[in-house]
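Everything on this sheet refers to the single structure shown next.
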Amino acid sequence: MELAQPRDLEQYLALGKRRHNELCRQKRIFNARNRIIGGDTEAWDVQVHDRKIKEATEKARHETFAAEMRQNDKITCILEGRERRDKRSLCKAISDFQQHFQRPETRREFDLSDPLALRKDLPARQSDNDIRNTVSGMQRFMGEDLNLCERKKFQEEQNREWSLQQQREWEKARAHQRCAEDLYLKTRLQFDERAKHLQNLESATRKAVCTAVKEFNKSQATESLERKIREKKQEQEDNLAEISNLLRGDLLSENTHQAASSFGPHRVVPDRWKGMTQEQLEQIRLVQRQQVQEKLRLQEEERQRDMDWDRRRVQTARAALLRERWQQRQQRDLRRALDCSNLSLAKEQLAQKKYMEEVYTNQPTEDYFTQFNTQSR
C-alpha cells in the first residue's frame, strides 16, 4: 500500500481546485442568464436606470391623468347640478309667464270655446256700414240697404242733374264746332291764295336760275378746256426736265460721293449707297485674314493647354493607381499576418480544449479524493 506524499496531496488539491474553477468559469460563460463576461454592465445599468425612470414617469403620468379625471368628474357633477337648477328655474319662469300673460281669454282661438259667446255676440246686422258684414256673411245685397227711400230720391235727383249737364255740354260743343268750321274755311282760302302766289314766284325764280346756270356752265367749260391745255403743256415740260435731270444726276451715273453722310465720314446714306470701294473691300479682307490667324493661334494655344492638362491628369491618375496598389499590397500583407495569428490562436485553443476534455473524462474529481483516502488508511 502506497502512502500519499505531501507533494502528491498538493498536486491533487491544486488539480481539484483548477477543475472547480473551470466548472465555475463554464457556468459563468455558458449560462446566458447569469453571464456577465463579454457584456457591457455599464450599458445594462444605464438601461435599468432608464427603465426605472420610464416606469416612474409613466406612473406619474397615470396619476396625473387620474387626478385630472377626478377633477373633471367633480366639474361634471357641478355642471349637472347647475343645469338641473337652471331647468327648474326655466320651467318655473315659463309657468309664471303662462299664468300671467297667456291666459285662456287672451288666446286667438278662445272665441271658439268661450262659454259666454252667445251673450257677448252682436246682431247679424246693425247698419249698412257694419264692418262685420263681409262678402262671405251674405248679410247685405244690392238694393237691400236700410235707407232705400232716401237713396232712390237721391239717385233720381242725380240723374236729372246729369241730363241737364249733358244738354248744356252738347249745345256748347255744337257752338264750338260751328266756330271751328268757319275758321277752317277762312284759313283754307288764305292758304290757297298764298300757295298760288308762291307757285308763281317759284316758276319765275326757276327760269332765272336756269338761265344763270347755263351761262355759268358755259364759262366753266371754257375755263376747264383752257386749264387742261395749260396743265398738259406744263406736264410735258416737267417730264422733259425730269428726264434730263435723271440722265445727268448721280442716281443713274452711280456717283459714289453722293452716299456721303453729313454725320461723319464713317456713315453713309442707305438710299444713295452704291456699294463699297475697292480700298474698303481690301481692308475688310485684310481684317478677316488677321481674325483667321488670331483664331488659329488661339486654337493652337487651347490645344497645347488641353494636352498639358491631359498629361497632368494621366500622371495624377497613374500616381493614384500606384498608391492604391501599394495600399492593397499592405492590406493583403496585414490580412495574411492576421490570418496566421488567428490560425495559431485557434490551434492553441483547440489543443487546450482537447486537453481539458481528456482530463475530465479520464480522472474525475471524486476518483482523486477516493484514492487519497485509501492511501491515507
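In the C-alpha cells, each chain is lettered A, B, ... as it comes, each chain's residues begin at 1, and ligands are numbered from 1 in order of appearance.
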
Please, which residues of range 125-365 of chain A, numbered as in this document, come out helix (DSSP H, G or I) from DSSP, as a ChimeraX atom specification?
-> /A:148-248,250-253,256-259,270-272,278-362,365

Please, what distance in Å, to one decimal, runs between CA of Glu202 in chain A and CA of Phe216 in chain A?
->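 Value for the CA of Glu202 in chain A-CA of Phe216 in chain A distance: 20.6 Å.
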
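Between CA of Cys179 in chain A and CA of Gln165 in chain A the separation is 21.5 Å.
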
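Residues of range 205-355 of chain A that DSSP places in strand (DSSP E or B), based on the backbone of this structure, are Ala260, Ser261, Gly264, Pro265, His266, Arg267 and Val268 of chain A.
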
Would you mind exporting the chosen residues as a PDB file, in the first residue's frame, restricted to all heavy atoms?
```pdb
ATOM      1  N   ALA A 260     -22.213 110.004 -99.203  1.00  0.00           N
ATOM      2  CA  ALA A 260     -21.549 110.550 -98.015  1.00  0.00           C
ATOM      3  C   ALA A 260     -22.576 111.206 -97.108  1.00  0.00           C
ATOM      4  O   ALA A 260     -23.440 111.956 -97.544  1.00  0.00           O
ATOM      5  CB  ALA A 260     -20.471 111.553 -98.435  1.00  0.00           C
ATOM      6  N   SER A 261     -22.465 110.918 -95.802  1.00  0.00           N
ATOM      7  CA  SER A 261     -23.422 111.447 -94.825  1.00  0.00           C
ATOM      8  C   SER A 261     -22.841 112.672 -94.153  1.00  0.00           C
ATOM      9  O   SER A 261     -21.611 112.824 -94.031  1.00  0.00           O
ATOM     10  CB  SER A 261     -23.751 110.377 -93.778  1.00  0.00           C
ATOM     11  OG  SER A 261     -24.594 110.902 -92.787  1.00  0.00           O
ATOM     12  N   GLY A 264     -20.754 112.207 -90.504  1.00  0.00           N
ATOM     13  CA  GLY A 264     -19.391 111.749 -90.340  1.00  0.00           C
ATOM     14  C   GLY A 264     -18.945 110.958 -91.547  1.00  0.00           C
ATOM     15  O   GLY A 264     -19.750 110.454 -92.341  1.00  0.00           O
ATOM     16  N   PRO A 265     -17.598 110.822 -91.728  1.00  0.00           N
ATOM     17  CA  PRO A 265     -17.110 110.075 -92.897  1.00  0.00           C
ATOM     18  C   PRO A 265     -17.345 108.563 -92.787  1.00  0.00           C
ATOM     19  O   PRO A 265     -17.283 107.871 -93.787  1.00  0.00           O
ATOM     20  CB  PRO A 265     -15.609 110.399 -92.902  1.00  0.00           C
ATOM     21  CG  PRO A 265     -15.280 110.720 -91.467  1.00  0.00           C
ATOM     22  CD  PRO A 265     -16.498 111.376 -90.900  1.00  0.00           C
ATOM     23  N   HIS A 266     -17.573 108.069 -91.560  1.00  0.00           N
ATOM     24  CA  HIS A 266     -17.782 106.629 -91.381  1.00  0.00           C
ATOM     25  C   HIS A 266     -19.231 106.210 -91.580  1.00  0.00           C
ATOM     26  O   HIS A 266     -19.546 105.025 -91.429  1.00  0.00           O
ATOM     27  CB  HIS A 266     -17.339 106.231 -89.965  1.00  0.00           C
ATOM     28  CG  HIS A 266     -18.138 106.895 -88.886  1.00  0.00           C
ATOM     29  ND1 HIS A 266     -17.933 108.239 -88.541  1.00  0.00           N
ATOM     30  CD2 HIS A 266     -19.149 106.431 -88.113  1.00  0.00           C
ATOM     31  CE1 HIS A 266     -18.767 108.545 -87.575  1.00  0.00           C
ATOM     32  NE2 HIS A 266     -19.529 107.483 -87.290  1.00  0.00           N
ATOM     33  N   ARG A 267     -20.142 107.136 -91.897  1.00  0.00           N
ATOM     34  CA  ARG A 267     -21.541 106.827 -92.095  1.00  0.00           C
ATOM     35  C   ARG A 267     -21.955 107.162 -93.528  1.00  0.00           C
ATOM     36  O   ARG A 267     -21.364 108.044 -94.180  1.00  0.00           O
ATOM     37  CB  ARG A 267     -22.407 107.602 -91.102  1.00  0.00           C
ATOM     38  CG  ARG A 267     -22.066 107.295 -89.648  1.00  0.00           C
ATOM     39  CD  ARG A 267     -22.976 108.002 -88.695  1.00  0.00           C
ATOM     40  NE  ARG A 267     -24.348 107.533 -88.838  1.00  0.00           N
ATOM     41  CZ  ARG A 267     -25.354 107.957 -88.067  1.00  0.00           C
ATOM     42  NH1 ARG A 267     -25.124 108.842 -87.105  1.00  0.00           N
ATOM     43  NH2 ARG A 267     -26.567 107.488 -88.262  1.00  0.00           N
ATOM     44  N   VAL A 268     -22.993 106.467 -94.050  1.00  0.00           N
ATOM     45  CA  VAL A 268     -23.475 106.662 -95.421  1.00  0.00           C
ATOM     46  C   VAL A 268     -24.976 106.789 -95.393  1.00  0.00           C
ATOM     47  O   VAL A 268     -25.659 106.422 -94.429  1.00  0.00           O
ATOM     48  CB  VAL A 268     -23.054 105.482 -96.333  1.00  0.00           C
ATOM     49  CG1 VAL A 268     -21.545 105.406 -96.463  1.00  0.00           C
ATOM     50  CG2 VAL A 268     -23.616 104.171 -95.793  1.00  0.00           C
TER      51      VAL A 268
END
```
